[in-house]
Structures are given as structure tokens and as C-alpha cells.
Amino acid sequence: MEEAYEYVKELEDLPGIGPLTAEKLRNAGIFSPKQLALYSIDELLMYTDIDDYNRLNRALIRVRRIFRPSILTKASEYANLRNKLPKLTTGVQAIDQLLQGGLEPRCIYEIVGEYGTGKSQLCFQLSVTAQLTSNRRGVGGKTFYIDTEGTFSDKRVISIAERFNVDDPLSNIFVLQPMNVDEQIDCIRILLPKCIEEENVKLIVVDSLISHIRAEYRGREMLVTRQQTLNYMLNFLLRIAMLYNAYVVVTNHVVARPLAGGGIIAAGGHVMAHGTTHRLFMSQTSAKGKKKNILYRKVVVEDSPYLQRGASTVFGISEKGLIDVL
Ligand SMILES: Nc1ncnc2c1ncn2[C@@H]1O[C@H](COP(=O)(O)OP(=O)(O)OP(=O)(O)O)[C@@H](O)[C@H]1O
Ligand SMILES: [Mg+2]
């Protein structure tokens, strides 16, 4: 794979892609052969004004061969590959145990909960632990932090980083504050892959994935567009996670359960539930410990391909971030 990649660094190195076509791809936000591998032919025809189907298809077949060589693997090889990829610590042993060792790459973790339950605090903490070296159970990488609610706190990141002895944590976090859904999609589709390739980004945070969508697409008549847009963002995040072995965390709101019985459920309906890999529900808890100035919170596995549904643990939120309390 490395060898083939040597010869294919620029879009122009691909068969059928001359300077003019390459420029059209760059204008559509596709800057490298690897980024091209994220797309399907129909998307390319939609995003660019290139109308030569065969030419594009030849280039796509080549980039897939280079960057997706292991699309057909035995489950045993797949297991080997997965085992080689490190898990990312949350900095809280109890949560790491709940997740069977920490966050895995190549999938999407969804953190749902009412306001003030610690979703953003967890995202801050992960953008610090991602910077830790592998012997400290980090992944030695930068974070691409999409902050749609304007709640990113450099102060909190600095306090959390002190606890983990991470110097200058802010220089390893890119903060993006898209103003609307269109900008958010640009962040995910265009800026994110570029940043991963150029800046050693390993962790992607979207806090929250849903707020702009909820605000912009209101009412029943917009429901279909709203769900399609949500689906596209999730799907694109998953493609990126898989192509670049990235770690992805998105936060989500809760809504009142529409039918009798009351209570709260995750926003985003079926699309959100299907589109994310692991859903963790955060909530306040009546559990009380001896430690002062600590907020106690509970996290429950609500849905996951291998974590037991309903498994839970308790953690604390302190001045120094999320901590163990058990
Ligand atoms: N320096 C601090 N020390 C202790 N607790 C803090 C500190 N800063 C924030 N908190 C607490 O962390 C709690 C969780 O906040 P967080 O911002 O993570 O909530 P959230 O789940 O993201 O909510 P929202 O849905 O409103 O974004 C808040 O109740 C807040 O009081
Ligand atoms: Mg928040």
C-alpha cells in the first residue's frame, strides 16, 4: 500500500485526472487521492461540474485499490487488525471498564443526556487524553473539535490537562464553530479529512451533532430533509473514521417521549439510533459519595454491538474534569 501511495500523492497522479479535473475536484473540497476515496461516483457528479462519468470512475477504482485494499478480509485478519488499534482512555477507570478498555477507533460513540450531565466535560477530557502517549493509554494525536453550541472551554481543557501533566493542550485542538448546518457539513466533509491528513488528528468531537439541525429544520414538513441531513453527517463521519482509523464522539440532546409514559429519549429518532455505533446515556444520579464539590453522574450503555445493554457506572465531575468516585 505504501509503495503504491508513493506514486499517487496528488490528484493529478491518478488515471484520467488532468490539471483541469483536479482543479474542479479541489474546488469541490477534495484535495488528495485519499480524500477522493471517501466519495461515491454519484456524489462526485453532484459536487463537481465534471460530467465525464468514465473518467471519474477510473480514478475512483484506482483510489479504492490503494486506500481500501483490505475490503475483503477474513474475520481472523479483521480481528488482528482491530486488536492492533489502541483504545483511547477516558481518564476514568470506571468508564474505561464499562467500554471494555476505552474508546475504539473506526466507529461512532454517541453521548446522550440532559443538560449539565457532563457530555461536554467528557469531550474536553477526551481532547486531553487523546494527546497522551500510548503508554499512558492515549493515542498521541490532535483533536478536531466541532463546537456547534459555543460551549468549548479553553479554561476547562487547561485545568483537565494539568491533572494529566499535558503541556500546552490547546495547541493540539482545532476548534470549529459552524454557524449553521451547511457550515457543519463543510467542516465534516471538507476541513476534517484535510486536517487529519495534514495535522495528525486522531479524535473527532461533534458537540452537539444535532443542535443546528433541530433549529433549522422545524416542523413535520421538514422531517424528511432533517433526517436525511442527519444521516449524511453520520455516514460521512463513519467513512472518515474507517478510512483514517479515527476516534469519533458525538453528543446528542434528549427529547420528551412523545407517547404516554413520559420520560426522555435521545433526539434524532431512528436515524441517530442506527447511525451511531455505541450509545451512552448520561444522567444525574442520587448516588452520593464522601467527596465534596463533586457532581455525581451515571452513564448507562443504551445500545452497542458488544457492550451489555443496561450496564452502567457512576463517575464524578470535579474541577479537574471527570474522575473516578467508586
Ligand atoms: N470547573 C468545574 N468544576 C466542577 N464542575 C464543573 C466545572 N465546570 C463545569 N462543571 C459542571 O459540569 C456539569 C456538566 O456540564 P457539561 O457542560 O458537560 O454539560 P452537558 O451535558 O454538556 O450539558 P448541555 O446539554 O447543556 O451542553 C455542569 O453541571 C457544570 O456545573
Ligand atoms: Mg454541552
# chains A, B, ... in the order shown; residues from 1 in each chain; ligands from 1
>>> select_by_dssp(residues="stretch 119-154 of chain A", states="helix (DSSP H, G or I)", output="PDB file with C-alpha atoms, in the first residue's frame")
ATOM      1  CA  LYS A 119     -21.370  15.469  27.864  1.00  0.00           C
ATOM      2  CA  SER A 120     -19.175  18.453  27.060  1.00  0.00           C
ATOM      3  CA  GLN A 121     -16.897  17.794  30.048  1.00  0.00           C
ATOM      4  CA  LEU A 122     -16.254  14.304  28.677  1.00  0.00           C
ATOM      5  CA  CYS A 123     -15.440  15.783  25.260  1.00  0.00           C
ATOM      6  CA  PHE A 124     -12.963  18.236  26.862  1.00  0.00           C
ATOM      7  CA  GLN A 125     -11.346  15.403  28.770  1.00  0.00           C
ATOM      8  CA  LEU A 126     -11.023  13.197  25.690  1.00  0.00           C
ATOM      9  CA  SER A 127      -9.357  16.009  23.755  1.00  0.00           C
ATOM     10  CA  VAL A 128      -6.715  15.948  26.500  1.00  0.00           C
ATOM     11  CA  THR A 129      -6.355  12.163  26.884  1.00  0.00           C
ATOM     12  CA  SER A 134       0.266   5.142  24.138  1.00  0.00           C
ATOM     13  CA  ASN A 135       1.941   4.001  27.372  1.00  0.00           C
ATOM     14  CA  ARG A 136      -0.485   6.316  29.165  1.00  0.00           C
ATOM     15  CA  ASP A 154     -10.231  26.503  26.951  1.00  0.00           C
TER      16      ASP A 154
END
>>> residues_near_ligand(ligand="ligand 1", cutoff="8 Å", atoms="only C-alpha atoms and all ligand atoms", output="MDAnalysis selection string")
chainID A and resid 112:123 149 151 156 159 207:208 252:253 282 293:295 317:321
>>> write_last_selection(atoms="N, CA and C atoms", output="PDB file, in the first residue's frame")
ATOM      1  N   VAL A 112     -25.475  10.807  24.997  1.00  0.00           N
ATOM      2  CA  VAL A 112     -26.780  11.472  25.123  1.00  0.00           C
ATOM      3  C   VAL A 112     -27.008  11.836  26.576  1.00  0.00           C
ATOM      4  N   GLY A 113     -27.727  12.906  26.808  1.00  0.00           N
ATOM      5  CA  GLY A 113     -28.086  13.220  28.188  1.00  0.00           C
ATOM      6  C   GLY A 113     -28.710  14.599  28.295  1.00  0.00           C
ATOM      7  N   GLU A 114     -29.372  14.821  29.434  1.00  0.00           N
ATOM      8  CA  GLU A 114     -29.959  16.133  29.689  1.00  0.00           C
ATOM      9  C   GLU A 114     -28.847  17.157  29.871  1.00  0.00           C
ATOM     10  N   TYR A 115     -29.216  18.435  29.897  1.00  0.00           N
ATOM     11  CA  TYR A 115     -28.210  19.478  30.099  1.00  0.00           C
ATOM     12  C   TYR A 115     -27.497  19.258  31.440  1.00  0.00           C
ATOM     13  N   GLY A 116     -26.241  19.585  31.452  1.00  0.00           N
ATOM     14  CA  GLY A 116     -25.483  19.529  32.699  1.00  0.00           C
ATOM     15  C   GLY A 116     -25.113  18.128  33.170  1.00  0.00           C
ATOM     16  N   THR A 117     -25.249  17.134  32.309  1.00  0.00           N
ATOM     17  CA  THR A 117     -24.929  15.771  32.764  1.00  0.00           C
ATOM     18  C   THR A 117     -23.459  15.413  32.503  1.00  0.00           C
ATOM     19  N   GLY A 118     -22.735  16.263  31.779  1.00  0.00           N
ATOM     20  CA  GLY A 118     -21.293  16.035  31.628  1.00  0.00           C
ATOM     21  C   GLY A 118     -20.847  15.665  30.229  1.00  0.00           C
ATOM     22  N   LYS A 119     -21.722  15.834  29.245  1.00  0.00           N
ATOM     23  CA  LYS A 119     -21.370  15.469  27.864  1.00  0.00           C
ATOM     24  C   LYS A 119     -20.162  16.290  27.380  1.00  0.00           C
ATOM     25  N   SER A 120     -20.275  17.599  27.543  1.00  0.00           N
ATOM     26  CA  SER A 120     -19.175  18.453  27.060  1.00  0.00           C
ATOM     27  C   SER A 120     -17.913  18.241  27.883  1.00  0.00           C
ATOM     28  N   GLN A 121     -18.087  18.026  29.204  1.00  0.00           N
ATOM     29  CA  GLN A 121     -16.897  17.794  30.048  1.00  0.00           C
ATOM     30  C   GLN A 121     -16.152  16.544  29.576  1.00  0.00           C
ATOM     31  N   LEU A 122     -16.898  15.521  29.182  1.00  0.00           N
ATOM     32  CA  LEU A 122     -16.254  14.304  28.677  1.00  0.00           C
ATOM     33  C   LEU A 122     -15.493  14.610  27.380  1.00  0.00           C
ATOM     34  N   CYS A 123     -16.108  15.420  26.524  1.00  0.00           N
ATOM     35  CA  CYS A 123     -15.440  15.783  25.260  1.00  0.00           C
ATOM     36  C   CYS A 123     -14.153  16.553  25.545  1.00  0.00           C
ATOM     37  N   GLU A 149     -22.420  24.508  19.781  1.00  0.00           N
ATOM     38  CA  GLU A 149     -23.226  25.185  20.802  1.00  0.00           C
ATOM     39  C   GLU A 149     -22.450  26.307  21.494  1.00  0.00           C
ATOM     40  N   THR A 151     -19.863  26.057  23.436  1.00  0.00           N
ATOM     41  CA  THR A 151     -19.556  25.738  24.841  1.00  0.00           C
ATOM     42  C   THR A 151     -18.128  25.215  25.035  1.00  0.00           C
ATOM     43  N   ARG A 156     -11.403  25.025  30.947  1.00  0.00           N
ATOM     44  CA  ARG A 156     -11.649  23.670  31.446  1.00  0.00           C
ATOM     45  C   ARG A 156     -10.600  22.696  30.884  1.00  0.00           C
ATOM     46  N   SER A 159      -7.435  23.136  32.873  1.00  0.00           N
ATOM     47  CA  SER A 159      -7.485  22.507  34.213  1.00  0.00           C
ATOM     48  C   SER A 159      -7.382  20.989  34.103  1.00  0.00           C
ATOM     49  N   ASP A 207     -19.904  18.370  19.196  1.00  0.00           N
ATOM     50  CA  ASP A 207     -20.695  18.685  20.402  1.00  0.00           C
ATOM     51  C   ASP A 207     -21.544  19.933  20.139  1.00  0.00           C
ATOM     52  N   SER A 208     -22.833  19.782  19.805  1.00  0.00           N
ATOM     53  CA  SER A 208     -23.524  18.541  19.545  1.00  0.00           C
ATOM     54  C   SER A 208     -23.765  18.370  18.050  1.00  0.00           C
ATOM     55  N   ASN A 252     -25.526  14.258  21.831  1.00  0.00           N
ATOM     56  CA  ASN A 252     -26.907  14.353  21.350  1.00  0.00           C
ATOM     57  C   ASN A 252     -27.810  14.843  22.482  1.00  0.00           C
ATOM     58  N   HIS A 253     -28.879  15.496  22.094  1.00  0.00           N
ATOM     59  CA  HIS A 253     -29.861  16.006  23.061  1.00  0.00           C
ATOM     60  C   HIS A 253     -30.871  14.924  23.432  1.00  0.00           C
ATOM     61  N   MET A 282     -26.080   9.578  29.672  1.00  0.00           N
ATOM     62  CA  MET A 282     -25.587  10.198  30.915  1.00  0.00           C
ATOM     63  C   MET A 282     -26.761  10.789  31.675  1.00  0.00           C
ATOM     64  N   ASN A 293     -17.720  18.935  46.705  1.00  0.00           N
ATOM     65  CA  ASN A 293     -17.554  19.694  45.455  1.00  0.00           C
ATOM     66  C   ASN A 293     -17.477  18.809  44.220  1.00  0.00           C
ATOM     67  N   ILE A 294     -18.121  17.678  44.300  1.00  0.00           N
ATOM     68  CA  ILE A 294     -18.125  16.789  43.138  1.00  0.00           C
ATOM     69  C   ILE A 294     -19.562  16.483  42.751  1.00  0.00           C
ATOM     70  N   LEU A 295     -19.846  16.613  41.463  1.00  0.00           N
ATOM     71  CA  LEU A 295     -21.177  16.257  40.976  1.00  0.00           C
ATOM     72  C   LEU A 295     -21.145  14.784  40.601  1.00  0.00           C
ATOM     73  N   ILE A 317     -17.876  14.717  38.425  1.00  0.00           N
ATOM     74  CA  ILE A 317     -17.334  15.863  37.693  1.00  0.00           C
ATOM     75  C   ILE A 317     -16.725  16.798  38.738  1.00  0.00           C
ATOM     76  N   SER A 318     -15.439  17.044  38.607  1.00  0.00           N
ATOM     77  CA  SER A 318     -14.750  17.904  39.565  1.00  0.00           C
ATOM     78  C   SER A 318     -14.064  19.031  38.811  1.00  0.00           C
ATOM     79  N   GLU A 319     -13.391  19.877  39.569  1.00  0.00           N
ATOM     80  CA  GLU A 319     -12.593  20.952  38.983  1.00  0.00           C
ATOM     81  C   GLU A 319     -11.595  20.401  37.952  1.00  0.00           C
ATOM     82  N   LYS A 320     -11.123  19.191  38.187  1.00  0.00           N
ATOM     83  CA  LYS A 320     -10.101  18.600  37.304  1.00  0.00           C
ATOM     84  C   LYS A 320     -10.699  17.703  36.226  1.00  0.00           C
ATOM     85  N   GLY A 321     -11.994  17.820  36.007  1.00  0.00           N
ATOM     86  CA  GLY A 321     -12.620  17.027  34.950  1.00  0.00           C
ATOM     87  C   GLY A 321     -13.375  15.823  35.486  1.00  0.00           C
TER      88      GLY A 321
END
>>> select_by_dssp(residues="stretch 15-144 of chain A", states="strand (DSSP E)", output="number ranges by chain")
A: 107-113, 142-144
>>> atom_distance(atom1="atom CA of A:Pro193", atom2="atom CA of A:Ile240")
7.0 Å
>>> closest_residue(among="A:Leu223, A:Ala215, A:Leu322, A:Ile173", to="A:Cys195", atoms="only C-alpha atoms")
A:Ile173
>>> closest_residue(among="A:Ile185, A:Leu238, A:Leu98, A:Val8", to="A:Leu38", atoms="only C-alpha atoms")
A:Leu238
